[in-house]
$ cat input_9.pdb   # PDB, C-alpha atoms
ATOM      1  CA  MET A 276    -239.886 -87.664  75.539  1.00  0.00           C
ATOM      2  CA  THR A 277    -241.961 -90.799  74.933  1.00  0.00           C
ATOM      3  CA  ARG A 278    -245.218 -88.789  74.991  1.00  0.00           C
ATOM      4  CA  PHE A 279    -243.844 -86.549  72.263  1.00  0.00           C
ATOM      5  CA  PHE A 280    -243.350 -89.533  69.932  1.00  0.00           C
ATOM      6  CA  GLU A 281    -246.817 -90.839  70.788  1.00  0.00           C
ATOM      7  CA  TYR A 282    -248.314 -87.481  69.739  1.00  0.00           C
ATOM      8  CA  ILE A 283    -246.335 -87.598  66.488  1.00  0.00           C
ATOM      9  CA  LEU A 284    -247.669 -91.101  65.705  1.00  0.00           C
ATOM     10  CA  VAL A 285    -251.263 -90.112  66.475  1.00  0.00           C
ATOM     11  CA  PHE A 286    -250.869 -87.006  64.319  1.00  0.00           C
ATOM     12  CA  ARG A 287    -249.523 -89.108  61.413  1.00  0.00           C
ATOM     13  CA  TYR A 288    -252.336 -91.647  61.845  1.00  0.00           C
ATOM     14  CA  ARG A 289    -254.937 -88.871  61.577  1.00  0.00           C
ATOM     15  CA  LEU A 290    -253.096 -87.045  58.773  1.00  0.00           C
ATOM     16  CA  ASN A 291    -253.055 -90.222  56.657  1.00  0.00           C
ATOM     17  CA  GLY A 292    -256.793 -90.603  57.310  1.00  0.00           C
ATOM     18  CA  TRP A 293    -257.392 -87.024  56.226  1.00  0.00           C
ATOM     19  CA  LEU A 294    -255.371 -87.557  53.016  1.00  0.00           C
ATOM     20  CA  VAL A 295    -257.360 -90.694  52.164  1.00  0.00           C
ATOM     21  CA  THR A 296    -260.608 -88.826  52.911  1.00  0.00           C
ATOM     22  CA  VAL A 297    -259.623 -86.017  50.543  1.00  0.00           C
ATOM     23  CA  TYR A 298    -258.626 -88.509  47.830  1.00  0.00           C
ATOM     24  CA  LEU A 299    -261.839 -90.552  48.057  1.00  0.00           C
ATOM     25  CA  THR A 300    -264.224 -87.598  48.315  1.00  0.00           C
ATOM     26  CA  ALA A 301    -262.551 -86.002  45.286  1.00  0.00           C
ATOM     27  CA  LEU A 302    -263.501 -89.153  43.383  1.00  0.00           C
ATOM     28  CA  GLY A 303    -267.128 -89.043  44.553  1.00  0.00           C
ATOM     29  CA  CYS A 304    -266.874 -91.596  47.363  1.00  0.00           C
ATOM     30  CA  ARG A 305    -268.335 -90.971  50.817  1.00  0.00           C
ATOM     31  CA  VAL A 306    -266.145 -91.003  53.914  1.00  0.00           C
ATOM     32  CA  GLY A 307    -267.360 -90.367  57.452  1.00  0.00           C
ATOM     33  CA  LYS A 308    -265.534 -88.385  60.101  1.00  0.00           C
ATOM     34  CA  GLY A 309    -262.514 -89.600  62.028  1.00  0.00           C
ATOM     35  CA  LEU A 310    -260.896 -91.971  59.496  1.00  0.00           C
ATOM     36  CA  LYS A 311    -257.470 -93.055  60.793  1.00  0.00           C
ATOM     37  CA  CYS A 312    -254.879 -94.866  58.686  1.00  0.00           C
ATOM     38  CA  LEU A 313    -251.645 -96.232  60.082  1.00  0.00           C
ATOM     39  CA  ARG A 314    -250.401 -96.199  56.484  1.00  0.00           C
ATOM     40  CA  ILE A 315    -252.200 -94.964  53.370  1.00  0.00           C
ATOM     41  CA  PRO A 316    -254.093 -97.909  51.812  1.00  0.00           C
ATOM     42  CA  ILE A 317    -253.341 -99.168  48.309  1.00  0.00           C
ATOM     43  CA  PHE A 318    -256.120 -98.682  45.753  1.00  0.00           C
ATOM     44  CA  LYS A 319    -255.618-101.146  42.858  1.00  0.00           C
ATOM     45  CA  ASP A 320    -258.406 -99.462  40.851  1.00  0.00           C
ATOM     46  CA  ILE A 321    -259.302 -95.782  40.923  1.00  0.00           C
ATOM     47  CA  PRO A 322    -262.528 -95.498  42.958  1.00  0.00           C
ATOM     48  CA  LYS A 323    -265.557 -94.158  41.055  1.00  0.00           C
ATOM     49  CA  LYS A 324    -268.222 -93.279  43.640  1.00  0.00           C
ATOM     50  CA  ASN A 325    -268.218 -96.947  44.688  1.00  0.00           C
ATOM     51  CA  ILE A 326    -266.674 -96.785  48.185  1.00  0.00           C
ATOM     52  CA  ARG A 327    -268.479 -95.676  51.367  1.00  0.00           C
ATOM     53  CA  ILE A 328    -266.663 -95.577  54.695  1.00  0.00           C
ATOM     54  CA  GLY A 329    -268.448 -94.840  57.971  1.00  0.00           C
ATOM     55  CA  ASP A 330    -267.376 -92.752  60.964  1.00  0.00           C
ATOM     56  CA  HIS A 331    -264.333 -93.594  63.111  1.00  0.00           C
ATOM     57  CA  VAL A 332    -262.896 -96.352  60.902  1.00  0.00           C
ATOM     58  CA  SER A 333    -259.247 -97.365  61.392  1.00  0.00           C
ATOM     59  CA  THR A 334    -256.962 -99.105  58.895  1.00  0.00           C
ATOM     60  CA  GLY A 335    -253.601-100.736  59.486  1.00  0.00           C
ATOM     61  CA  ARG A 336    -250.486-101.043  57.346  1.00  0.00           C
ATOM     62  CA  GLY A 337    -250.631-102.401  53.795  1.00  0.00           C
ATOM     63  CA  VAL A 338    -254.432-102.511  53.443  1.00  0.00           C
ATOM     64  CA  ILE A 339    -255.404-103.161  49.810  1.00  0.00           C
ATOM     65  CA  PHE A 340    -258.686-102.132  48.180  1.00  0.00           C
ATOM     66  CA  GLU A 341    -259.241-103.776  44.798  1.00  0.00           C
ATOM     67  CA  ILE A 342    -262.809-102.741  44.022  1.00  0.00           C
ATOM     68  CA  ALA A 343    -263.550-102.707  40.297  1.00  0.00           C
ATOM     69  CA  LYS A 344    -265.775-100.097  38.655  1.00  0.00           C
ATOM     70  CA  THR A 345    -268.659-102.602  38.713  1.00  0.00           C
ATOM     71  CA  GLY A 346    -268.116-103.383  42.403  1.00  0.00           C
ATOM     72  CA  SER A 347    -268.788-101.498  45.609  1.00  0.00           C
ATOM     73  CA  LEU A 348    -267.429-101.458  49.152  1.00  0.00           C
ATOM     74  CA  ILE A 349    -269.463-100.288  52.134  1.00  0.00           C
ATOM     75  CA  ILE A 350    -267.794-100.138  55.562  1.00  0.00           C
ATOM     76  CA  GLY A 351    -269.918 -99.258  58.612  1.00  0.00           C
ATOM     77  CA  ASP A 352    -269.035 -97.064  61.594  1.00  0.00           C
ATOM     78  CA  ARG A 353    -266.305 -97.962  64.117  1.00  0.00           C
ATOM     79  CA  CYS A 354    -264.654-100.741  62.096  1.00  0.00           C
ATOM     80  CA  THR A 355    -261.017-101.777  62.318  1.00  0.00           C
ATOM     81  CA  LEU A 356    -259.285-103.135  59.220  1.00  0.00           C
ATOM     82  CA  GLY A 357    -256.114-105.002  60.199  1.00  0.00           C
ATOM     83  CA  ASP A 358    -252.651-104.855  58.702  1.00  0.00           C
ATOM     84  CA  TYR A 359    -252.270-106.291  55.181  1.00  0.00           C
ATOM     85  CA  SER A 360    -255.965-107.109  54.812  1.00  0.00           C
ATOM     86  CA  ARG A 361    -257.368-107.201  51.268  1.00  0.00           C
ATOM     87  CA  TYR A 362    -260.823-106.308  49.939  1.00  0.00           C
ATOM     88  CA  SER A 363    -261.316-107.399  46.335  1.00  0.00           C
ATOM     89  CA  SER A 364    -264.494-107.621  44.249  1.00  0.00           C
ATOM     90  CA  ILE A 365    -266.295-106.873  41.024  1.00  0.00           C
ATOM     91  CA  ASP A 366    -269.525-107.158  43.046  1.00  0.00           C
ATOM     92  CA  ARG A 367    -270.592-105.764  46.445  1.00  0.00           C
ATOM     93  CA  ILE A 368    -268.802-106.117  49.777  1.00  0.00           C
ATOM     94  CA  GLU A 369    -270.795-104.799  52.725  1.00  0.00           C
ATOM     95  CA  ILE A 370    -269.255-104.658  56.204  1.00  0.00           C
ATOM     96  CA  GLY A 371    -271.504-103.732  59.147  1.00  0.00           C
ATOM     97  CA  GLU A 372    -270.785-101.556  62.178  1.00  0.00           C
ATOM     98  CA  ALA A 373    -268.219-102.291  64.912  1.00  0.00           C
ATOM     99  CA  VAL A 374    -266.507-105.029  62.904  1.00  0.00           C
ATOM    100  CA  ALA A 375    -262.946-106.059  63.816  1.00  0.00           C
ATOM    101  CA  ILE A 376    -260.905-107.536  60.980  1.00  0.00           C
ATOM    102  CA  ALA A 377    -257.494-108.907  61.978  1.00  0.00           C
ATOM    103  CA  GLU A 378    -254.272-108.868  59.985  1.00  0.00           C
ATOM    104  CA  GLN A 379    -253.901-110.623  56.628  1.00  0.00           C
ATOM    105  CA  VAL A 380    -257.634-111.257  56.178  1.00  0.00           C
ATOM    106  CA  SER A 381    -258.687-111.634  52.541  1.00  0.00           C
ATOM    107  CA  ILE A 382    -262.265-110.806  51.490  1.00  0.00           C
ATOM    108  CA  ARG A 383    -262.815-111.767  47.848  1.00  0.00           C
ATOM    109  CA  GLY A 384    -266.134-111.211  46.127  1.00  0.00           C
ATOM    110  CA  SER A 385    -265.060-112.625  42.772  1.00  0.00           C
ATOM    111  CA  PHE A 386    -263.102-115.548  41.371  1.00  0.00           C
ATOM    112  CA  HIS A 387    -261.710-116.613  37.999  1.00  0.00           C
ATOM    113  CA  GLN A 388    -263.799-118.908  35.830  1.00  0.00           C
ATOM    114  CA  MET A 389    -262.132-122.268  35.231  1.00  0.00           C
ATOM    115  CA  GLY A 390    -263.581-123.787  32.069  1.00  0.00           C
ATOM    116  CA  ARG A 391    -261.548-126.089  29.860  1.00  0.00           C
ATOM    117  CA  ASP A 392    -262.483-124.452  26.560  1.00  0.00           C
ATOM    118  CA  GLN A 393    -259.957-121.599  26.862  1.00  0.00           C
ATOM    119  CA  ARG A 394    -256.955-120.556  28.916  1.00  0.00           C
ATOM    120  CA  ILE A 395    -257.713-119.357  32.439  1.00  0.00           C
ATOM    121  CA  ILE A 396    -256.119-115.962  31.784  1.00  0.00           C
ATOM    122  CA  ASP A 397    -258.588-115.396  28.920  1.00  0.00           C
ATOM    123  CA  GLN A 398    -261.700-116.296  30.921  1.00  0.00           C
ATOM    124  CA  GLY A 399    -263.911-113.915  32.833  1.00  0.00           C
ATOM    125  CA  ASP A 400    -264.780-113.808  36.502  1.00  0.00           C
ATOM    126  CA  ASP A 401    -267.669-115.101  38.590  1.00  0.00           C
ATOM    127  CA  ALA A 402    -268.877-112.824  41.371  1.00  0.00           C
ATOM    128  CA  ALA A 403    -271.377-112.715  44.228  1.00  0.00           C
ATOM    129  CA  PRO A 404    -271.925-110.176  47.019  1.00  0.00           C
ATOM    130  CA  ILE A 405    -270.420-110.602  50.490  1.00  0.00           C
ATOM    131  CA  THR A 406    -272.273-109.389  53.586  1.00  0.00           C
ATOM    132  CA  ILE A 407    -270.697-109.103  57.021  1.00  0.00           C
ATOM    133  CA  GLY A 408    -273.077-108.098  59.827  1.00  0.00           C
ATOM    134  CA  ASP A 409    -272.529-105.807  62.826  1.00  0.00           C
ATOM    135  CA  ASP A 410    -270.277-106.769  65.762  1.00  0.00           C
ATOM    136  CA  VAL A 411    -268.303-109.425  63.847  1.00  0.00           C
ATOM    137  CA  LEU A 412    -264.705-110.497  64.483  1.00  0.00           C
ATOM    138  CA  LEU A 413    -262.628-112.070  61.707  1.00  0.00           C
ATOM    139  CA  GLY A 414    -259.450-113.720  63.025  1.00  0.00           C
ATOM    140  CA  ALA A 415    -256.020-113.412  61.435  1.00  0.00           C
ATOM    141  CA  GLN A 416    -255.505-114.882  57.957  1.00  0.00           C
ATOM    142  CA  THR A 417    -259.195-115.700  57.483  1.00  0.00           C
ATOM    143  CA  ILE A 418    -260.449-115.916  53.897  1.00  0.00           C
ATOM    144  CA  VAL A 419    -264.022-114.895  53.046  1.00  0.00           C
ATOM    145  CA  LEU A 420    -265.099-115.969  49.558  1.00  0.00           C
ATOM    146  CA  MET A 421    -267.774-114.678  47.185  1.00  0.00           C
ATOM    147  CA  GLY A 422    -271.375-115.148  48.217  1.00  0.00           C
ATOM    148  CA  ALA A 423    -270.582-115.552  51.929  1.00  0.00           C
ATOM    149  CA  THR A 424    -272.902-114.060  54.536  1.00  0.00           C
ATOM    150  CA  ILE A 425    -271.694-113.609  58.105  1.00  0.00           C
ATOM    151  CA  PRO A 426    -274.552-112.538  60.408  1.00  0.00           C
ATOM    152  CA  GLU A 427    -274.452-110.238  63.429  1.00  0.00           C
ATOM    153  CA  GLY A 428    -272.202-111.072  66.372  1.00  0.00           C
ATOM    154  CA  VAL A 429    -270.238-113.905  64.777  1.00  0.00           C
ATOM    155  CA  VAL A 430    -266.610-114.659  65.651  1.00  0.00           C
ATOM    156  CA  ILE A 431    -264.535-116.426  62.986  1.00  0.00           C
ATOM    157  CA  GLY A 432    -261.311-118.008  64.249  1.00  0.00           C
ATOM    158  CA  SER A 433    -257.895-117.464  62.698  1.00  0.00           C
ATOM    159  CA  GLN A 434    -256.995-119.149  59.401  1.00  0.00           C
ATOM    160  CA  SER A 435    -260.607-120.070  58.658  1.00  0.00           C
ATOM    161  CA  LEU A 436    -262.328-120.269  55.286  1.00  0.00           C
ATOM    162  CA  VAL A 437    -265.849-118.823  54.948  1.00  0.00           C
ATOM    163  CA  ARG A 438    -267.725-119.868  51.786  1.00  0.00           C
ATOM    164  CA  SER A 439    -271.162-119.110  50.397  1.00  0.00           C
ATOM    165  CA  GLY A 440    -272.693-122.421  51.492  1.00  0.00           C
ATOM    166  CA  ASP A 441    -271.483-122.319  55.102  1.00  0.00           C
ATOM    167  CA  LYS A 442    -274.257-122.317  57.702  1.00  0.00           C
ATOM    168  CA  VAL A 443    -273.376-119.503  60.074  1.00  0.00           C
ATOM    169  CA  HIS A 444    -275.867-118.298  62.697  1.00  0.00           C
ATOM    170  CA  PRO A 445    -275.839-115.056  64.734  1.00  0.00           C
ATOM    171  CA  TYR A 446    -273.561-114.854  67.786  1.00  0.00           C
ATOM    172  CA  GLY A 447    -271.833-118.138  67.020  1.00  0.00           C
ATOM    173  CA  ILE A 448    -268.105-118.855  67.180  1.00  0.00           C
ATOM    174  CA  PHE A 449    -266.800-120.702  64.123  1.00  0.00           C
ATOM    175  CA  ALA A 450    -263.375-121.835  62.959  1.00  0.00           C
ATOM    176  CA  GLY A 451    -261.564-124.033  60.486  1.00  0.00           C
ATOM    177  CA  SER A 452    -261.646-125.151  56.912  1.00  0.00           C
ATOM    178  CA  PRO A 453    -264.269-126.398  56.415  1.00  0.00           C
ATOM    179  CA  LEU A 454    -265.937-123.994  58.824  1.00  0.00           C
ATOM    180  CA  LYS A 455    -267.265-125.632  62.020  1.00  0.00           C
ATOM    181  CA  HIS A 456    -269.402-124.312  64.861  1.00  0.00           C
ATOM    182  CA  ILE A 457    -267.365-124.215  68.095  1.00  0.00           C
ATOM    183  CA  ARG A 458    -269.912-122.691  70.483  1.00  0.00           C
ATOM    184  CA  ASP A 459    -272.103-119.589  70.912  1.00  0.00           C
ATOM    185  CA  ARG A 460    -271.021-116.292  72.420  1.00  0.00           C
ATOM    186  CA  ARG A 461    -272.109-115.806  76.036  1.00  0.00           C
TER
END
$ encode --input "input_9.pdb" --output "structure tokens"
Amino acid sequence: MTRFFEYILVFRYRLNGWLVTVYLTALGCRVGKGLKCLRIPIFKDIPKKNIRIGDHVSTGRGVIFEIAKTGSLIIGDRCTLGDYSRYSSIDRIEIGEAVAIAEQVSIRGSFHQMGRDQRIIDQGDDAAPITIGDDVLLGAQTIVLMGATIPEGVVIGSQSLVRSGDKVHPYGIFAGSPLKHIRDRR
């Protein structure tokens, strides 16, 4: 009886992926084969040919895509997007291949301006692209801010903050806020 329920869950996972694929391709986005979604992601803005998802990508529960018409999101092959992760930008977010993103990770390519001459709600946004290389792991509750670049093979520990000025080298293990080098991958 347990196998029966496992088949039902796998079927639902693939069905949700198929529904998201149909939705995105109808709006001009590109989606590779084998998309699996534990739950259907939330799209805060209607995609307009600005999302590309590679082959065999998996998403968890409560994933939020908030990519404005001026922004773009590119996700490489064989990536895993954890539960309740958020991808928000008016610029470009590019995620490489075989990237593992844990639960509650927030990737934000834009931020409110904070001048004193007018109320914050009336001000515009600043934005910069985010690039995440291949074979990267982002630990739970990590925040990646606009302008950040994470090169190939990097591991970012849980609850870390990655900013544009952080010096991150390939195959390093980093953690904390501010971000610190722990050691290199072996």
$ resolve_selection --input "input_9.pdb" --expression "the PyMOL selection byres ((chain A and resi 444) around 12)" --output "number ranges by chain"
A: 407-408, 411, 424-431, 441-443, 445-449, 455-460
$ write_last_selection --input "input_9.pdb" --atoms "C-alpha atoms" --output "mmCIF file, in the frame of the given file"
data_model
loop_
_atom_site.group_PDB
_atom_site.id
_atom_site.type_symbol
_atom_site.label_atom_id
_atom_site.label_comp_id
_atom_site.auth_asym_id
_atom_site.auth_seq_id
_atom_site.Cartn_x
_atom_site.Cartn_y
_atom_site.Cartn_z
ATOM 1 C CA ILE A 407 -270.697 -109.103 57.021
ATOM 2 C CA GLY A 408 -273.077 -108.098 59.827
ATOM 3 C CA VAL A 411 -268.303 -109.425 63.847
ATOM 4 C CA THR A 424 -272.902 -114.060 54.536
ATOM 5 C CA ILE A 425 -271.694 -113.609 58.105
ATOM 6 C CA PRO A 426 -274.552 -112.538 60.408
ATOM 7 C CA GLU A 427 -274.452 -110.238 63.429
ATOM 8 C CA GLY A 428 -272.202 -111.072 66.372
ATOM 9 C CA VAL A 429 -270.238 -113.905 64.777
ATOM 10 C CA VAL A 430 -266.610 -114.659 65.651
ATOM 11 C CA ILE A 431 -264.535 -116.426 62.986
ATOM 12 C CA ASP A 441 -271.483 -122.319 55.102
ATOM 13 C CA LYS A 442 -274.257 -122.317 57.702
ATOM 14 C CA VAL A 443 -273.376 -119.503 60.074
ATOM 15 C CA PRO A 445 -275.839 -115.056 64.734
ATOM 16 C CA TYR A 446 -273.561 -114.854 67.786
ATOM 17 C CA GLY A 447 -271.833 -118.138 67.020
ATOM 18 C CA ILE A 448 -268.105 -118.855 67.180
ATOM 19 C CA PHE A 449 -266.800 -120.702 64.123
ATOM 20 C CA LYS A 455 -267.265 -125.632 62.020
ATOM 21 C CA HIS A 456 -269.402 -124.312 64.861
ATOM 22 C CA ILE A 457 -267.365 -124.215 68.095
ATOM 23 C CA ARG A 458 -269.912 -122.691 70.483
ATOM 24 C CA ASP A 459 -272.103 -119.589 70.912
ATOM 25 C CA ARG A 460 -271.021 -116.292 72.420
#
$ resolve_selection --input "input_9.pdb" --expression "the PyMOL selection byres ((chain A and resi 289) around 8)" --output "mmCIF file with C-alpha atoms, keeping the file's coordinate frame"
data_model
loop_
_atom_site.group_PDB
_atom_site.id
_atom_site.type_symbol
_atom_site.label_atom_id
_atom_site.label_comp_id
_atom_site.auth_asym_id
_atom_site.auth_seq_id
_atom_site.Cartn_x
_atom_site.Cartn_y
_atom_site.Cartn_z
ATOM 1 C CA VAL A 285 -251.263 -90.112 66.475
ATOM 2 C CA PHE A 286 -250.869 -87.006 64.319
ATOM 3 C CA ARG A 287 -249.523 -89.108 61.413
ATOM 4 C CA TYR A 288 -252.336 -91.647 61.845
ATOM 5 C CA LEU A 290 -253.096 -87.045 58.773
ATOM 6 C CA ASN A 291 -253.055 -90.222 56.657
ATOM 7 C CA GLY A 292 -256.793 -90.603 57.310
ATOM 8 C CA TRP A 293 -257.392 -87.024 56.226
ATOM 9 C CA GLY A 309 -262.514 -89.600 62.028
ATOM 10 C CA LEU A 310 -260.896 -91.971 59.496
ATOM 11 C CA LYS A 311 -257.470 -93.055 60.793
ATOM 12 C CA CYS A 312 -254.879 -94.866 58.686
#
$ resolve_selection --input "input_9.pdb" --expression "the PyMOL selection byres ((chain A and resi 352) around 6)" --output "PyMOL selection string"
chain A and resi 329-330+351+353-354+372
$ closest_atom_pairs --input "input_9.pdb" --of "range 355-424 of chain A" --to "range 321-326 of chain A" --cutoff "12 Å" --atoms "all atoms listed in the file" --output "CSV"
residue,atom,partner,partner_atom,distance
A:Tyr362,CA,A:Ile326,CA,11.3
A:Ser364,CA,A:Asn325,CA,11.3
A:Ile365,CA,A:Asn325,CA,10.8
A:Asp366,CA,A:Asn325,CA,10.4
A:Arg367,CA,A:Asn325,CA,9.3
A:Ile368,CA,A:Ile326,CA,9.7
A:Glu369,CA,A:Ile326,CA,10.1
A:Ile370,CA,A:Ile326,CA,11.5
$ atom_distance --input "input_9.pdb" --atom1 "CA of Gln398 in chain A" --atom2 "CA of Gln434 in chain A"
29.0 Å
$ residues_around --input "input_9.pdb" --residues "Val437 in chain A" --least-positions-apart "2" --cutoff "8 Å" --atoms "all atoms listed in the file" --output "MDAnalysis selection string"
chainID A and resid 417:420 423 435 439 441 452:454
$ build_atoms --input "input_9.pdb" --residues "range 368-377 of chain A" --atoms "all heavy atoms" --output "compact mmCIF listing (two decimals), in the frame of the given file"
# COMPACT_ATOMS: atom_id res chain seq x y z
N ILE A 368 -269.24 -105.69 48.45
CA ILE A 368 -268.80 -106.12 49.78
C ILE A 368 -269.40 -105.13 50.77
O ILE A 368 -269.17 -103.93 50.66
CB ILE A 368 -267.26 -106.12 49.92
CG1 ILE A 368 -266.64 -107.12 48.94
CG2 ILE A 368 -266.86 -106.43 51.36
CD1 ILE A 368 -265.12 -107.08 48.92
N GLU A 369 -270.18 -105.66 51.71
CA GLU A 369 -270.80 -104.80 52.72
C GLU A 369 -270.37 -105.27 54.11
O GLU A 369 -270.59 -106.42 54.48
CB GLU A 369 -272.32 -104.82 52.60
CG GLU A 369 -272.99 -103.85 53.52
CD GLU A 369 -274.46 -103.66 53.21
OE1 GLU A 369 -274.95 -104.19 52.19
OE2 GLU A 369 -275.13 -102.97 54.00
N ILE A 370 -269.74 -104.37 54.86
CA ILE A 370 -269.26 -104.66 56.20
C ILE A 370 -270.05 -103.80 57.18
O ILE A 370 -270.12 -102.58 57.03
CB ILE A 370 -267.74 -104.36 56.30
CG1 ILE A 370 -266.97 -105.23 55.29
CG2 ILE A 370 -267.23 -104.56 57.72
CD1 ILE A 370 -265.52 -104.86 55.13
N GLY A 371 -270.65 -104.43 58.19
CA GLY A 371 -271.50 -103.73 59.15
C GLY A 371 -270.73 -102.84 60.11
O GLY A 371 -269.55 -102.54 59.90
N GLU A 372 -271.39 -102.45 61.19
CA GLU A 372 -270.79 -101.56 62.18
C GLU A 372 -270.04 -102.35 63.25
O GLU A 372 -270.41 -103.48 63.56
CB GLU A 372 -271.86 -100.70 62.83
CG GLU A 372 -272.52 -99.74 61.86
CD GLU A 372 -273.49 -98.79 62.54
OE1 GLU A 372 -273.57 -98.80 63.78
OE2 GLU A 372 -274.15 -98.05 61.81
N ALA A 373 -269.00 -101.73 63.80
CA ALA A 373 -268.22 -102.29 64.91
C ALA A 373 -267.65 -103.66 64.57
O ALA A 373 -267.69 -104.59 65.37
CB ALA A 373 -269.05 -102.34 66.19
N VAL A 374 -267.11 -103.78 63.37
CA VAL A 374 -266.51 -105.03 62.90
C VAL A 374 -265.00 -104.93 63.09
O VAL A 374 -264.39 -103.92 62.74
CB VAL A 374 -266.85 -105.30 61.43
CG1 VAL A 374 -266.10 -106.50 60.89
CG2 VAL A 374 -268.36 -105.51 61.27
N ALA A 375 -264.39 -105.99 63.63
CA ALA A 375 -262.95 -106.06 63.82
C ALA A 375 -262.38 -107.11 62.86
O ALA A 375 -262.74 -108.28 62.93
CB ALA A 375 -262.61 -106.42 65.26
N ILE A 376 -261.52 -106.65 61.97
CA ILE A 376 -260.90 -107.54 60.98
C ILE A 376 -259.41 -107.57 61.28
O ILE A 376 -258.75 -106.54 61.24
CB ILE A 376 -261.19 -107.04 59.55
CG1 ILE A 376 -262.71 -107.08 59.30
CG2 ILE A 376 -260.45 -107.89 58.53
CD1 ILE A 376 -263.15 -106.50 57.99
N ALA A 377 -258.89 -108.76 61.58
CA ALA A 377 -257.49 -108.91 61.98
C ALA A 377 -256.56 -108.82 60.76
O ALA A 377 -257.00 -108.66 59.63
CB ALA A 377 -257.31 -110.23 62.71
